[in-house]
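Text of work_7.tsv, listed as TSV, C-alpha atoms and all ligand atoms:
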```tsv
chain	number	residue	atom	x	y	z
A	1	MET	CA	-31.60	151.73	2.85
A	2	PHE	CA	-29.91	155.06	3.48
A	3	ALA	CA	-31.67	158.31	2.85
A	4	CYS	CA	-30.00	160.54	0.30
A	5	PHE	CA	-27.82	163.18	1.86
A	6	PRO	CA	-28.72	166.64	0.74
A	7	LEU	CA	-25.24	167.26	-0.59
A	8	GLU	CA	-24.57	170.91	-0.87
A	9	SER	CA	-22.09	172.78	-2.96
A	10	ALA	CA	-18.72	173.54	-1.44
A	11	GLY	CA	-18.81	176.46	0.92
A	12	SER	CA	-22.56	176.39	1.32
A	13	GLN	CA	-24.19	176.80	4.70
A	14	GLN	CA	-25.53	173.90	6.71
A	15	ARG	CA	-29.23	173.15	6.39
A	16	LEU	CA	-30.85	171.30	9.23
A	17	GLY	CA	-34.02	169.69	7.94
A	18	SER	CA	-37.02	171.21	9.64
A	19	SER	CA	-34.97	173.00	12.27
A	20	THR	CA	-34.55	176.71	12.50
A	21	THR	CA	-31.08	176.49	14.05
A	22	CYS	CA	-27.98	176.50	11.94
A	23	GLY	CA	-24.53	175.13	12.65
A	24	PRO	CA	-21.15	176.71	13.03
A	25	ARG	CA	-19.60	178.62	10.16
A	26	VAL	CA	-18.29	176.37	7.39
A	27	SER	CA	-14.80	177.84	7.73
A	28	GLU	CA	-14.80	176.70	11.36
A	29	LEU	CA	-15.84	173.19	10.31
A	30	THR	CA	-13.33	172.76	7.54
A	31	GLU	CA	-10.49	173.65	9.88
A	32	ALA	CA	-11.47	170.91	12.31
A	33	GLY	CA	-13.38	168.45	10.18
A	34	ASN	CA	-12.68	165.50	12.47
A	35	LEU	CA	-12.05	165.02	16.17
A	36	ALA	CA	-9.05	167.33	16.36
A	37	GLY	CA	-11.12	170.03	18.05
A	38	VAL	CA	-12.62	167.68	20.64
A	39	GLN	CA	-11.13	167.98	24.12
A	40	HIS	CA	-12.41	164.82	25.81
A	41	ILE	CA	-13.93	161.62	24.45
A	42	ILE	CA	-15.99	159.38	26.71
A	43	LEU	CA	-17.31	155.97	25.66
A	44	VAL	CA	-20.45	154.61	27.31
A	45	LEU	CA	-20.55	150.81	27.47
A	46	SER	CA	-22.91	148.18	28.80
A	47	GLY	CA	-22.86	144.40	28.95
A	48	LYS	CA	-26.35	144.09	27.53
A	49	GLY	CA	-29.19	146.10	26.04
A	50	GLY	CA	-31.95	147.76	27.99
A	51	VAL	CA	-29.91	148.70	31.05
A	52	GLY	CA	-30.03	152.41	30.26
A	53	LYS	CA	-26.83	153.00	28.31
A	54	SER	CA	-28.40	155.45	25.86
A	55	THR	CA	-30.25	157.09	28.74
A	56	ILE	CA	-27.02	157.66	30.64
A	57	SER	CA	-25.27	158.88	27.46
A	58	THR	CA	-28.06	161.37	26.79
A	59	GLU	CA	-28.36	162.63	30.35
A	60	LEU	CA	-24.59	162.85	30.77
A	61	ALA	CA	-24.46	165.02	27.65
A	62	LEU	CA	-27.31	167.21	28.93
A	63	ALA	CA	-25.69	167.51	32.37
A	64	LEU	CA	-22.34	168.48	30.84
A	65	ARG	CA	-24.14	171.07	28.74
A	66	HIS	CA	-25.84	172.28	31.93
A	67	ALA	CA	-22.33	172.78	33.34
A	68	GLY	CA	-21.59	175.11	30.44
A	69	LYS	CA	-19.79	172.65	28.18
A	70	LYS	CA	-20.16	172.19	24.45
A	71	VAL	CA	-21.02	168.56	23.84
A	72	GLY	CA	-21.32	166.12	20.94
A	73	ILE	CA	-22.91	162.69	20.98
A	74	LEU	CA	-21.81	159.97	18.59
A	75	ASP	CA	-24.40	157.20	18.50
A	76	VAL	CA	-22.67	154.08	17.18
A	77	ASP	CA	-25.39	151.77	18.46
A	78	LEU	CA	-26.08	150.89	14.83
A	79	CYS	CA	-28.82	148.35	15.52
A	80	GLY	CA	-30.67	150.40	18.13
A	81	PRO	CA	-30.05	154.11	17.54
A	82	SER	CA	-32.37	155.61	20.17
A	83	ILE	CA	-30.64	158.91	20.93
A	84	PRO	CA	-32.27	160.95	18.12
A	85	ARG	CA	-35.63	160.18	19.69
A	86	MET	CA	-34.40	160.88	23.23
A	87	LEU	CA	-33.30	164.34	22.06
A	88	ARG	CA	-36.34	164.91	19.86
A	89	ALA	CA	-34.16	165.04	16.78
A	90	GLN	CA	-35.55	162.09	14.81
A	91	GLY	CA	-36.15	162.70	11.14
A	92	ARG	CA	-33.60	165.49	10.93
A	93	ALA	CA	-31.37	165.53	7.87
A	94	VAL	CA	-27.61	165.26	7.83
A	95	HIS	CA	-25.92	167.66	5.47
A	96	GLN	CA	-22.47	167.86	4.06
A	97	CYS	CA	-19.97	170.69	4.15
A	98	ASP	CA	-16.35	170.95	3.06
A	99	GLY	CA	-15.25	169.33	6.31
A	100	GLY	CA	-17.57	166.32	6.08
A	101	TRP	CA	-20.98	165.43	7.50
A	102	VAL	CA	-22.40	168.17	9.69
A	103	PRO	CA	-23.80	166.74	12.94
A	104	VAL	CA	-27.36	167.64	13.87
A	105	TYR	CA	-27.63	170.47	16.40
A	106	VAL	CA	-30.44	169.75	18.83
A	107	ASP	CA	-30.74	173.10	20.59
A	108	GLN	CA	-30.98	176.74	19.63
A	109	GLU	CA	-27.76	177.55	21.46
A	110	GLN	CA	-25.88	174.92	19.41
A	111	SER	CA	-24.32	173.47	22.50
A	112	ILE	CA	-25.29	169.85	21.79
A	113	CYS	CA	-24.83	168.11	18.46
A	114	LEU	CA	-25.47	164.53	17.47
A	115	MET	CA	-24.52	162.06	14.78
A	116	SER	CA	-26.39	158.78	14.57
A	117	VAL	CA	-27.13	156.07	12.04
A	118	GLY	CA	-30.74	156.90	12.91
A	119	PHE	CA	-30.40	160.02	10.72
A	120	LEU	CA	-29.23	158.00	7.76
A	121	LEU	CA	-32.08	155.52	7.56
A	122	GLU	CA	-34.94	156.32	5.20
A	123	ASN	CA	-37.39	154.71	7.59
A	124	PRO	CA	-36.66	154.88	11.34
A	125	ASP	CA	-38.23	151.44	11.83
A	126	GLU	CA	-35.86	149.90	9.33
A	127	ALA	CA	-33.33	147.41	10.74
A	128	VAL	CA	-29.64	147.72	9.95
A	129	VAL	CA	-28.92	144.20	8.66
A	130	TRP	CA	-25.23	144.42	7.88
A	131	ARG	CA	-22.24	142.20	8.30
A	132	GLY	CA	-19.35	143.34	10.48
A	133	PRO	CA	-17.08	144.93	7.84
A	134	LYS	CA	-19.82	147.27	6.65
A	135	LYS	CA	-20.68	148.33	10.20
A	136	ASN	CA	-17.02	148.85	10.99
A	137	ALA	CA	-16.59	150.99	7.87
A	138	LEU	CA	-19.48	153.24	8.95
A	139	ILE	CA	-18.04	153.59	12.46
A	140	LYS	CA	-14.69	154.64	10.96
A	141	GLN	CA	-16.51	157.13	8.78
A	142	PHE	CA	-18.43	158.51	11.78
A	143	VAL	CA	-15.11	159.16	13.49
A	144	SER	CA	-13.18	160.55	10.55
A	145	ASP	CA	-15.81	162.26	8.38
A	146	VAL	CA	-17.99	164.19	10.82
A	147	ALA	CA	-17.25	167.89	11.15
A	148	TRP	CA	-17.54	168.07	14.94
A	149	GLY	CA	-15.85	171.43	15.22
A	150	GLN	CA	-14.75	172.56	18.70
A	151	LEU	CA	-16.26	170.48	21.52
A	152	ASP	CA	-15.47	170.11	25.20
A	153	TYR	CA	-16.84	166.57	25.31
A	154	LEU	CA	-17.83	163.87	22.86
A	155	VAL	CA	-20.00	161.15	24.40
A	156	VAL	CA	-19.92	157.92	22.37
A	157	ASP	CA	-22.90	155.61	22.84
A	158	THR	CA	-21.79	152.10	21.82
A	159	PRO	CA	-23.86	148.96	21.14
A	160	PRO	CA	-24.32	146.53	24.05
A	161	GLY	CA	-21.67	143.84	24.55
A	162	THR	CA	-18.11	143.55	23.30
A	163	SER	CA	-18.38	143.03	19.55
A	164	ASP	CA	-16.40	143.89	16.45
A	165	GLU	CA	-18.08	147.27	16.53
A	166	HIS	CA	-16.48	148.02	19.88
A	167	MET	CA	-13.06	147.14	18.55
A	168	ALA	CA	-13.69	149.31	15.49
A	169	THR	CA	-14.80	152.21	17.71
A	170	VAL	CA	-11.86	151.96	20.10
A	171	ASP	CA	-9.38	151.59	17.22
A	172	ALA	CA	-10.81	154.59	15.40
A	173	LEU	CA	-10.80	156.75	18.55
A	174	ARG	CA	-7.39	155.66	19.84
A	175	PRO	CA	-5.40	158.34	17.94
A	176	TYR	CA	-7.47	160.98	19.74
A	177	GLY	CA	-6.69	159.62	23.23
A	178	PRO	CA	-10.15	158.97	24.70
A	179	LEU	CA	-10.53	160.02	28.33
A	180	GLY	CA	-12.05	156.64	29.18
A	181	ALA	CA	-15.19	154.55	29.46
A	182	LEU	CA	-18.21	154.74	31.65
A	183	VAL	CA	-19.78	151.31	32.19
A	184	VAL	CA	-23.52	151.05	32.86
A	185	THR	CA	-25.16	148.16	34.68
A	186	THR	CA	-28.38	147.40	36.49
A	187	PRO	CA	-27.99	146.04	40.02
A	188	GLN	CA	-28.84	142.37	39.38
A	189	ALA	CA	-26.08	139.76	39.34
A	190	VAL	CA	-26.82	138.76	35.73
A	191	SER	CA	-26.21	142.27	34.43
A	192	VAL	CA	-23.23	142.72	36.71
A	193	GLY	CA	-21.75	139.49	35.21
A	194	ASP	CA	-22.01	141.00	31.73
A	195	VAL	CA	-20.29	144.12	32.92
A	196	ARG	CA	-17.37	142.10	34.18
A	197	ARG	CA	-16.74	141.14	30.53
A	198	GLU	CA	-16.99	144.81	29.63
A	199	LEU	CA	-14.28	145.64	32.16
A	200	THR	CA	-12.08	142.89	30.72
A	201	PHE	CA	-12.62	144.42	27.28
A	202	CYS	CA	-11.45	147.80	28.58
A	203	ARG	CA	-8.36	146.26	30.15
A	204	LYS	CA	-7.44	144.34	26.98
A	205	THR	CA	-7.91	147.35	24.72
A	206	GLY	CA	-6.14	149.73	27.07
A	207	LEU	CA	-9.25	151.82	27.64
A	208	ARG	CA	-9.32	153.48	31.03
A	209	VAL	CA	-12.48	152.85	33.06
A	210	LEU	CA	-13.77	156.16	34.39
A	211	GLY	CA	-16.24	154.25	36.52
A	212	VAL	CA	-19.32	152.08	36.87
A	213	VAL	CA	-22.85	153.53	36.95
A	214	GLU	CA	-25.64	151.49	38.50
A	215	ASN	CA	-28.87	152.37	36.73
A	216	MET	CA	-32.47	151.46	37.67
A	217	SER	CA	-31.22	151.25	41.19
A	218	GLY	CA	-34.40	151.30	43.26
A	219	PHE	CA	-37.67	153.14	42.79
A	220	VAL	CA	-38.40	156.20	44.88
A	221	CYS	CA	-42.12	156.34	45.76
A	222	PRO	CA	-43.46	159.72	44.61
A	223	HIS	CA	-45.83	159.78	47.61
A	224	CYS	CA	-43.70	158.81	50.60
A	225	ALA	CA	-40.16	159.10	49.07
A	226	GLU	CA	-39.27	155.61	50.30
A	227	CYS	CA	-36.84	153.80	47.97
A	228	THR	CA	-37.76	150.21	46.99
A	229	SER	CA	-34.98	148.06	45.51
A	230	VAL	CA	-36.92	146.67	42.52
A	231	PHE	CA	-33.93	144.86	40.97
A	232	SER	CA	-31.94	144.38	44.18
A	233	ARG	CA	-29.29	146.93	44.96
A	234	GLY	CA	-25.58	147.46	45.29
A	235	GLY	CA	-24.35	145.09	42.52
A	236	GLY	CA	-22.66	147.89	40.62
A	237	GLU	CA	-20.85	149.27	43.62
A	238	GLU	CA	-19.69	145.82	44.67
A	239	LEU	CA	-18.43	145.08	41.17
A	240	ALA	CA	-16.57	148.39	40.99
A	241	SER	CA	-14.92	147.73	44.30
A	242	HIS	CA	-13.90	144.17	43.26
A	243	ALA	CA	-12.55	145.40	39.94
A	244	GLY	CA	-10.73	148.30	41.61
A	245	VAL	CA	-12.46	150.94	39.46
A	246	PRO	CA	-14.41	153.99	40.66
A	247	PHE	CA	-18.12	153.76	41.37
A	248	LEU	CA	-19.79	156.84	39.93
A	249	GLY	CA	-23.26	156.50	41.43
A	250	SER	CA	-26.70	154.88	41.43
A	251	VAL	CA	-29.51	156.28	39.30
A	252	PRO	CA	-32.99	155.28	40.53
A	253	LEU	CA	-35.87	154.24	38.32
A	254	ASP	CA	-37.65	157.50	37.75
A	255	PRO	CA	-40.94	157.71	35.82
A	256	GLU	CA	-40.23	161.38	35.05
A	257	LEU	CA	-36.97	160.36	33.41
A	258	THR	CA	-38.79	157.76	31.27
A	259	LYS	CA	-41.39	160.36	30.30
A	260	SER	CA	-38.86	163.03	29.48
A	261	LEU	CA	-36.90	160.58	27.28
A	262	GLU	CA	-40.09	159.51	25.51
A	263	GLU	CA	-40.96	163.11	24.81
A	264	GLY	CA	-37.43	164.19	23.96
A	265	ARG	CA	-37.29	166.77	26.74
A	266	ASP	CA	-34.29	168.12	28.64
A	267	PHE	CA	-34.60	166.24	31.94
A	268	ILE	CA	-31.69	168.07	33.53
A	269	ARG	CA	-33.23	171.45	32.84
A	270	GLU	CA	-36.88	170.58	33.45
A	271	PHE	CA	-36.93	168.07	36.32
A	272	PRO	CA	-34.50	169.27	39.02
A	273	GLU	CA	-36.83	167.95	41.76
A	274	SER	CA	-36.84	164.41	40.35
A	275	PRO	CA	-35.15	161.55	42.24
A	276	ALA	CA	-32.78	160.77	39.33
A	277	PHE	CA	-31.62	164.39	38.97
A	278	PRO	CA	-29.02	164.56	41.81
A	279	ALA	CA	-27.60	161.17	40.82
A	280	LEU	CA	-27.14	162.19	37.18
A	281	LEU	CA	-25.66	165.55	38.10
A	282	SER	CA	-23.21	163.95	40.51
A	283	ILE	CA	-22.06	161.47	37.81
A	284	ALA	CA	-21.46	164.35	35.41
A	285	GLN	CA	-19.58	166.23	38.13
A	286	LYS	CA	-17.29	163.24	38.66
A	287	VAL	CA	-16.63	163.06	34.92
A	288	LEU	CA	-15.81	166.79	34.90
A	289	THR	CA	-13.40	166.31	37.78
A	290	GLU	CA	-11.68	163.44	35.95
A	291	ALA	CA	-11.07	165.43	32.81
A	292	PRO	CA	-7.81	167.31	33.02
A	293	ALA	CA	-7.93	170.81	31.66
A	294	ARG	CA	-6.18	170.64	28.31
A	295	VAL	CA	-3.99	173.46	27.21
A	296	PRO	CA	-5.47	174.77	23.94
A	301	LIG	P1	-29.96	150.73	26.46
A	301	LIG	O1	-29.33	151.87	25.73
A	301	LIG	O2	-29.05	150.13	27.49
A	301	LIG	O3	-30.53	149.69	25.53
A	301	LIG	P2	-32.02	152.64	27.15
A	301	LIG	O4	-31.21	153.79	27.63
A	301	LIG	O5	-32.59	152.71	25.77
A	301	LIG	O6	-31.20	151.29	27.31
A	301	LIG	O7	-33.17	152.43	28.25
A	301	LIG	C1	-34.19	151.47	28.10
A	301	LIG	C2	-35.50	152.07	28.60
A	301	LIG	O8	-35.44	152.26	29.99
A	301	LIG	C3	-35.81	153.41	27.98
A	301	LIG	O9	-37.16	153.42	27.65
A	301	LIG	C4	-35.53	154.43	29.08
A	301	LIG	O10	-36.42	155.50	29.01
A	301	LIG	C5	-35.76	153.61	30.34
A	301	LIG	N1	-34.87	153.99	31.45
A	301	LIG	C6	-33.53	153.84	31.50
A	301	LIG	N2	-33.05	154.25	32.71
A	301	LIG	C7	-34.11	154.67	33.43
A	301	LIG	C8	-34.28	155.21	34.75
A	301	LIG	N3	-33.25	155.38	35.57
A	301	LIG	N4	-35.53	155.55	35.15
A	301	LIG	C9	-36.59	155.37	34.33
A	301	LIG	N5	-36.51	154.86	33.08
A	301	LIG	C10	-35.28	154.51	32.62
```
Once more with this new file: its structure as structure tokens, please.
Ligand code: ADP
Amino acid sequence: MFACFPLESAGSQQRLGSSTTCGPRVSELTEAGNLAGVQHIILVLSGKGGVGKSTISTELALALRHAGKKVGILDVDLCGPSIPRMLRAQGRAVHQCDGGWVPVYVDQEQSICLMSVGFLLENPDEAVVWRGPKKNALIKQFVSDVAWGQLDYLVVDTPPGTSDEHMATVDALRPYGPLGALVVTTPQAVSVGDVRRELTFCRKTGLRVLGVVENMSGFVCPHCAECTSVFSRGGGEELASHAGVPFLGSVPLDPELTKSLEEGRDFIREFPESPAFPALLSIAQKVLTEAPARVP
């Protein structure tokens, strides 16, 4: 099922498939071949699929990069790895250096890197049909064997729900003291109900909730700028207030966001006039404010 890794001899430089960019120096990677060089780890959770968890993970990473941060994304949504496509990095090869697997750098400036099971499948349409222990082993490997180097933020996109994979992810990240979790919901009561379970999961595993994000919260008419509440409105904020956790903001349904994700474009850089832009930037700003400056 997995594509062969182009294993390279010790000390060799990273090769990045068809890309022209190259990663950090190998010496840099071997010194910090795990998460030791990562300042802040943020998990992105959702009660169910299709609510925009990967979208929020991707845009949060792009917005943090926009704020001048160096960002990594770990896509542990093993059954639905959509981030490579959202960042136009599908089909790129993962290489190995002394410090472990080298994440894929998605921009020339090397300010965003990504590791996803999507890179390891021979065929992107192939399904990962694995039992729990095998999935958990890969998650552990993603945490311990990826040469992330020095990052300001690592955004971890998890599968929907509260499964074994979530426990495996939280357990593997615990030694590195994750900053907390961002929980994504749509405004309807049924999605909000699922998120309640997500909040219970955070409480039971000792994971701090950075806040709730309500996604697909209304549609702003491109002609008259009036906002229509397609899926009702306010469920996320109400839930956050009941649960006593911060509400980070509402992201409207935005056709330009859908398009930019389909085409793997940088929404934050290219669509500053779009209705979703201020919401996404404000969420990233709140995350930045939450993260204490760590003494190097
Ligand atoms: P999940 O990770 O929760 O399964 P995704 O992030 O993959 O969900 O989003 C599902 C689909 O909805 C994607 O095609 C994405 O482009 C679209 N989408 C998500 N949020 C928005 C939004 N605010 N505006 C427009 N399209 C969105």
Excluding same-chain residues fewer than 6 positions from range 219-222 of chain A, what lies within 6 Å of it counting all atoms listed in the file, as an mmCIF file with C-alpha atoms, in the frame of the given file?
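Output (result00.cif):
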```cif
data_model
loop_
_atom_site.group_PDB
_atom_site.id
_atom_site.type_symbol
_atom_site.label_atom_id
_atom_site.label_comp_id
_atom_site.auth_asym_id
_atom_site.auth_seq_id
_atom_site.Cartn_x
_atom_site.Cartn_y
_atom_site.Cartn_z
ATOM 1 C CA THR A 228 -37.760 150.210 46.990
ATOM 2 C CA PRO A 252 -32.990 155.280 40.530
ATOM 3 C CA LEU A 253 -35.870 154.240 38.320
#
```
How close does range 120-182 of chain A get to range 30-50 of chain A? List, as JSON lines, each residue of range 120-182 of chain A within 7 Å, its nearest atom pair and the distance in Å to one decimal, counting only C-alpha atoms.
```
{"residue": "A:Val143", "atom": "CA", "partner": "A:Asn34", "partner_atom": "CA", "distance": 6.9}
{"residue": "A:Ser144", "atom": "CA", "partner": "A:Asn34", "partner_atom": "CA", "distance": 5.3}
{"residue": "A:Asp145", "atom": "CA", "partner": "A:Asn34", "partner_atom": "CA", "distance": 6.1}
{"residue": "A:Val146", "atom": "CA", "partner": "A:Asn34", "partner_atom": "CA", "distance": 5.7}
{"residue": "A:Ala147", "atom": "CA", "partner": "A:Gly33", "partner_atom": "CA", "distance": 4.0}
{"residue": "A:Trp148", "atom": "CA", "partner": "A:Asn34", "partner_atom": "CA", "distance": 6.0}
{"residue": "A:Gly149", "atom": "CA", "partner": "A:Ala32", "partner_atom": "CA", "distance": 5.3}
{"residue": "A:Gln150", "atom": "CA", "partner": "A:Gly37", "partner_atom": "CA", "distance": 4.5}
{"residue": "A:Leu151", "atom": "CA", "partner": "A:Val38", "partner_atom": "CA", "distance": 4.7}
{"residue": "A:Asp152", "atom": "CA", "partner": "A:Gln39", "partner_atom": "CA", "distance": 5.0}
{"residue": "A:Tyr153", "atom": "CA", "partner": "A:His40", "partner_atom": "CA", "distance": 4.8}
{"residue": "A:Leu154", "atom": "CA", "partner": "A:Ile41", "partner_atom": "CA", "distance": 4.8}
{"residue": "A:Val155", "atom": "CA", "partner": "A:Ile42", "partner_atom": "CA", "distance": 5.0}
{"residue": "A:Val156", "atom": "CA", "partner": "A:Leu43", "partner_atom": "CA", "distance": 4.6}
{"residue": "A:Asp157", "atom": "CA", "partner": "A:Val44", "partner_atom": "CA", "distance": 5.2}
{"residue": "A:Thr158", "atom": "CA", "partner": "A:Leu45", "partner_atom": "CA", "distance": 5.9}
{"residue": "A:Pro160", "atom": "CA", "partner": "A:Lys48", "partner_atom": "CA", "distance": 4.7}
{"residue": "A:Gly161", "atom": "CA", "partner": "A:Gly47", "partner_atom": "CA", "distance": 4.6}
{"residue": "A:Pro178", "atom": "CA", "partner": "A:Ile41", "partner_atom": "CA", "distance": 4.6}
{"residue": "A:Leu179", "atom": "CA", "partner": "A:Ile41", "partner_atom": "CA", "distance": 5.4}
{"residue": "A:Gly180", "atom": "CA", "partner": "A:Ile42", "partner_atom": "CA", "distance": 5.4}
{"residue": "A:Ala181", "atom": "CA", "partner": "A:Leu43", "partner_atom": "CA", "distance": 4.6}
{"residue": "A:Leu182", "atom": "CA", "partner": "A:Val44", "partner_atom": "CA", "distance": 4.9}
```
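Of the listed residues (A:Arg269, A:Lys259, A:Arg92, A:Arg174), A:Lys259 comes nearest to ligand LIG 301 (chain A); the distances count all atoms listed in the file.
Those protein and nucleic acid residues that have any atom within 7 Å of ligand LIG 301 (chain A) are, using only C-alpha atoms and all ligand atoms, Ser46, Lys48, Gly49, Gly50, Val51, Gly52, Lys53, Ser54, Thr55, Ile56, Ser82, Pro160, Asn215, Met216, Val251, Pro252, Leu253, Asp254, Pro255, Leu257, Thr258, Leu261, Glu262 and Ala276 of chain A.
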Quick one: write out the picked residues with C-alpha atoms as a JSON list (two decimals), in the coordinates of the input?
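File produced: result-v6.json:
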```
[["chain", "number", "residue", "atom", "x", "y", "z"],
["A", 46, "SER", "CA", -22.91, 148.18, 28.80],
["A", 48, "LYS", "CA", -26.35, 144.09, 27.53],
["A", 49, "GLY", "CA", -29.19, 146.10, 26.04],
["A", 50, "GLY", "CA", -31.95, 147.76, 27.99],
["A", 51, "VAL", "CA", -29.91, 148.70, 31.05],
["A", 52, "GLY", "CA", -30.03, 152.41, 30.26],
["A", 53, "LYS", "CA", -26.83, 153.00, 28.31],
["A", 54, "SER", "CA", -28.40, 155.45, 25.86],
["A", 55, "THR", "CA", -30.25, 157.09, 28.74],
["A", 56, "ILE", "CA", -27.02, 157.66, 30.64],
["A", 82, "SER", "CA", -32.37, 155.61, 20.17],
["A", 160, "PRO", "CA", -24.32, 146.53, 24.05],
["A", 215, "ASN", "CA", -28.87, 152.37, 36.73],
["A", 216, "MET", "CA", -32.47, 151.46, 37.67],
["A", 251, "VAL", "CA", -29.51, 156.28, 39.30],
["A", 252, "PRO", "CA", -32.99, 155.28, 40.53],
["A", 253, "LEU", "CA", -35.87, 154.24, 38.32],
["A", 254, "ASP", "CA", -37.65, 157.50, 37.75],
["A", 255, "PRO", "CA", -40.94, 157.71, 35.82],
["A", 257, "LEU", "CA", -36.97, 160.36, 33.41],
["A", 258, "THR", "CA", -38.79, 157.76, 31.27],
["A", 261, "LEU", "CA", -36.90, 160.58, 27.28],
["A", 262, "GLU", "CA", -40.09, 159.51, 25.51],
["A", 276, "ALA", "CA", -32.78, 160.77, 39.33]]
```
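Closest approach to Val213 in chain A among A:Leu87, A:Leu288, A:Val106, A:Leu60 is made by A:Leu60 (distances from only C-alpha atoms).
Taking all atoms listed in the file into account, Leu74 in chain A lies nearest to A:Pro159 out of the set A:Gly100, A:Pro159, A:Pro133, A:Gly264.
Residues of protein, DNA or RNA having at least one counted atom within 9 Å of (-13.3, 158.3, 37.7), given all atoms listed in the file, are Gly180, Leu182, Val209, Leu210, Gly211, Val212, Val245, Pro246, Phe247, Leu248, Lys286, Val287, Thr289, Glu290 and Ala291 of chain A.
Our summary of the geometry notes that CA of Thr169 in chain A is positioned 23.2 Å from CA of Gln90 in chain A.
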| said: For Thr186 in chain A, find every residue with an atom within 8 Å (counting all atoms listed in the file), except residues of its own chain fewer than 2 positions away, and show them as a ChimeraX atom specification. | reply: /A:51,184,188,191-192,214-217,231,235-236
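The space separating CA of Ile268 in chain A from CA of Ala63 in chain A comes to 6.1 Å.
Candidate residues A:Gly218, A:Gln285, A:Gly249, A:Ala243 were compared for distance to Thr200 in chain A, and the nearest is A:Ala243, using all atoms listed in the file.
CA of Leu78 in chain A to CA of Gly118 in chain A spans 7.8 Å [interatomic distance, one decimal].
Among A:Ala93, A:Cys202, A:Arg88, A:Leu173, the residue with the shortest atom-to-atom distance to Glu122 in chain A, counting all atoms listed in the file, is A:Ala93.
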Quick one: residues within 9 Å of Ser116 in chain A, all atoms listed in the file, excluding same-chain residues fewer than 3 positions away - as number ranges by chain? A: 73-78, 81-84, 103-104, 119-120, 142
